[in-house]
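Engineer: Submitted below is the structure of interest, expressed as structure tokens.
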Amino acid sequence: MSEVRCVSGVELLMDYLEGVLSAEMRAALDEHVAGCEKCAAFVASYCETPRILRDATASTLPADVEASLKNFLRTRTTAFGRN
Amino acid sequence: MIVPTVEPSDEALAARAAAGDDSAFETIVRRYQARIYRLACRLTSDTDAPDVLQETFLQVYRHLPSFRGESQFGTWLYRIASNAALMHRRARMRRATSSLETFLPRFDDQGMHAATPAELQVAARADELLDRQLLAKKAREAIARLPDLYREAFVLRDLEEMSTADVARTLGVEPATVRQRVHRARLMVRGFLGSLVEVKS
């Protein structure tokens, strides 16, 4: 198990983070990453990727879109109106 | 004495709405419209999102009587929205976009990373190094350039922050499949982010 290379570390990273790897495999990956500057850098950027995309795409509902939705549902359903 | 107001659960509202209570349906719309709009923007585009939003809630209204509560209401709603987004993408002529495959990590013949540590790390700093507006534009581009299957899994898991189990239920696939798709998407997006930032040598 000491034969972990960067490529297998990358392949197993998601399973590692989700906790579905065996303890033995986890330990082997931990050992590799601890001694591999490149993998440490890779893991850092891999882990930050979801947050960066999440923050960059956090749209808020514009008032006119909300109003259009209400109007649309008023014409197609019995909700939003008639009172 | 202050009596806390207890908000009715989604499932309780769904049951009332299914029985014809329009005010319960309106509450569902108000509760979820901002989240479904954000999801629609992520799965399609700002231009298409208003249509997807409308289509989603119309489908919800029509299909509420068949919602039996075997799944969580949120999961059911997200499935409807994801399908509406997918139909929308298919319905319009999509401009051929080049794949993000080229941004997957590269390895040497020993199976070790080919890039330098600085190059490998830089994607983590894309948000400090790039202008906000540019990053927002590029983030949308990255999502749009993912294969459909990867996009859905990535958006639900990483951007909407659903659990892997809930994404699996929403998409009707195994958790292992979700993990595989999200992983591929992360690899591509990570590489793409890194490519936007110049590494000083």
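We label chains A, B, ... in the order they appear in the structure tokens, count residues from 1 in each chain, and number ligands from 1 in the order shown.
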Just want the 8 Å neighbourhood of Ala56 in chain A, counted on only C-alpha atoms, with same-chain residues fewer than 5 positions away dropped. Output as a ChimeraX atom specification.
Structural biologist: /B:132,135-136,139
Engineer: Do me a favour and pick out the residues of chain B within 6 Å of chain A, using only C-alpha atoms, as an MDAnalysis selection string.
Structural biologist: chainID B and resid 22 34 38 54 111:113 117 120:121 123:124 136 139 158:159 183 190
Engineer: For Ala27 in chain A, please output as a PDB file with N, CA and C atoms, in the first residue's frame all residues within 12 Å (counting only C-alpha atoms; exclusion window: fewer than 3 positions along the same chain).
Structural biologist:
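Everything below was put into around09.pdb:
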ATOM      1  N   MET A   1       0.807  -1.199   0.000  1.00  0.00           N
ATOM      2  CA  MET A   1       0.000   0.000   0.000  1.00  0.00           C
ATOM      3  C   MET A   1       0.851   1.265   0.000  1.00  0.00           C
ATOM      4  N   SER A   2       2.163   1.100   0.107  1.00  0.00           N
ATOM      5  CA  SER A   2       3.010   2.292   0.129  1.00  0.00           C
ATOM      6  C   SER A   2       3.280   2.807  -1.272  1.00  0.00           C
ATOM      7  N   VAL A   4       1.400   4.308  -3.387  1.00  0.00           N
ATOM      8  CA  VAL A   4       0.442   5.286  -3.892  1.00  0.00           C
ATOM      9  C   VAL A   4       1.178   6.326  -4.723  1.00  0.00           C
ATOM     10  N   GLY A   9      -4.009   8.901  -6.025  1.00  0.00           N
ATOM     11  CA  GLY A   9      -4.483   9.823  -4.994  1.00  0.00           C
ATOM     12  C   GLY A   9      -5.588  10.711  -5.543  1.00  0.00           C
ATOM     13  N   TYR A  16     -12.262   9.538  -0.648  1.00  0.00           N
ATOM     14  CA  TYR A  16     -11.552   9.835   0.598  1.00  0.00           C
ATOM     15  C   TYR A  16     -12.334  10.877   1.391  1.00  0.00           C
ATOM     16  N   LEU A  21     -13.694   5.214   1.902  1.00  0.00           N
ATOM     17  CA  LEU A  21     -12.524   4.355   1.673  1.00  0.00           C
ATOM     18  C   LEU A  21     -12.236   3.520   2.924  1.00  0.00           C
ATOM     19  N   SER A  22     -11.545   2.420   2.727  1.00  0.00           N
ATOM     20  CA  SER A  22     -11.130   1.607   3.870  1.00  0.00           C
ATOM     21  C   SER A  22     -10.090   2.374   4.681  1.00  0.00           C
ATOM     22  N   ALA A  23      -9.973   2.036   5.952  1.00  0.00           N
ATOM     23  CA  ALA A  23      -9.003   2.693   6.839  1.00  0.00           C
ATOM     24  C   ALA A  23      -7.588   2.533   6.288  1.00  0.00           C
ATOM     25  N   GLU A  24      -7.332   1.383   5.726  1.00  0.00           N
ATOM     26  CA  GLU A  24      -6.005   1.078   5.181  1.00  0.00           C
ATOM     27  C   GLU A  24      -5.678   2.011   4.003  1.00  0.00           C
ATOM     28  N   ASP A  30      -3.052   9.322   3.141  1.00  0.00           N
ATOM     29  CA  ASP A  30      -2.549  10.331   4.085  1.00  0.00           C
ATOM     30  C   ASP A  30      -1.024  10.380   4.035  1.00  0.00           C
ATOM     31  N   GLU A  31      -0.447   9.201   4.018  1.00  0.00           N
ATOM     32  CA  GLU A  31       1.010   9.111   4.035  1.00  0.00           C
ATOM     33  C   GLU A  31       1.604   9.716   2.759  1.00  0.00           C
ATOM     34  N   HIS A  32       0.977   9.403   1.630  1.00  0.00           N
ATOM     35  CA  HIS A  32       1.487   9.948   0.367  1.00  0.00           C
ATOM     36  C   HIS A  32       1.379  11.476   0.335  1.00  0.00           C
ATOM     37  N   VAL A  33       0.201  11.985   0.679  1.00  0.00           N
ATOM     38  CA  VAL A  33      -0.018  13.436   0.587  1.00  0.00           C
ATOM     39  C   VAL A  33       0.894  14.186   1.566  1.00  0.00           C
ATOM     40  N   ALA A  34       1.113  13.596   2.740  1.00  0.00           N
ATOM     41  CA  ALA A  34       1.983  14.241   3.733  1.00  0.00           C
ATOM     42  C   ALA A  34       3.397  14.437   3.186  1.00  0.00           C
TER      43      ALA A  34
END
Engineer: Any chance you could list, as a ChimeraX atom specification, the residues in range 113-172 of chain B that come up alpha helix (DSSP H) when DSSP is run on the backbone?
Structural biologist: /B:117-121,126-129,132-144,148-154,164-171
Engineer: Just to confirm, what's the straight-line distance from CA of Met87 in chain B to CA of Tyr37 in chain B in Å (one decimal)?
Structural biologist: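 Those two atoms sit 15.8 Å apart.
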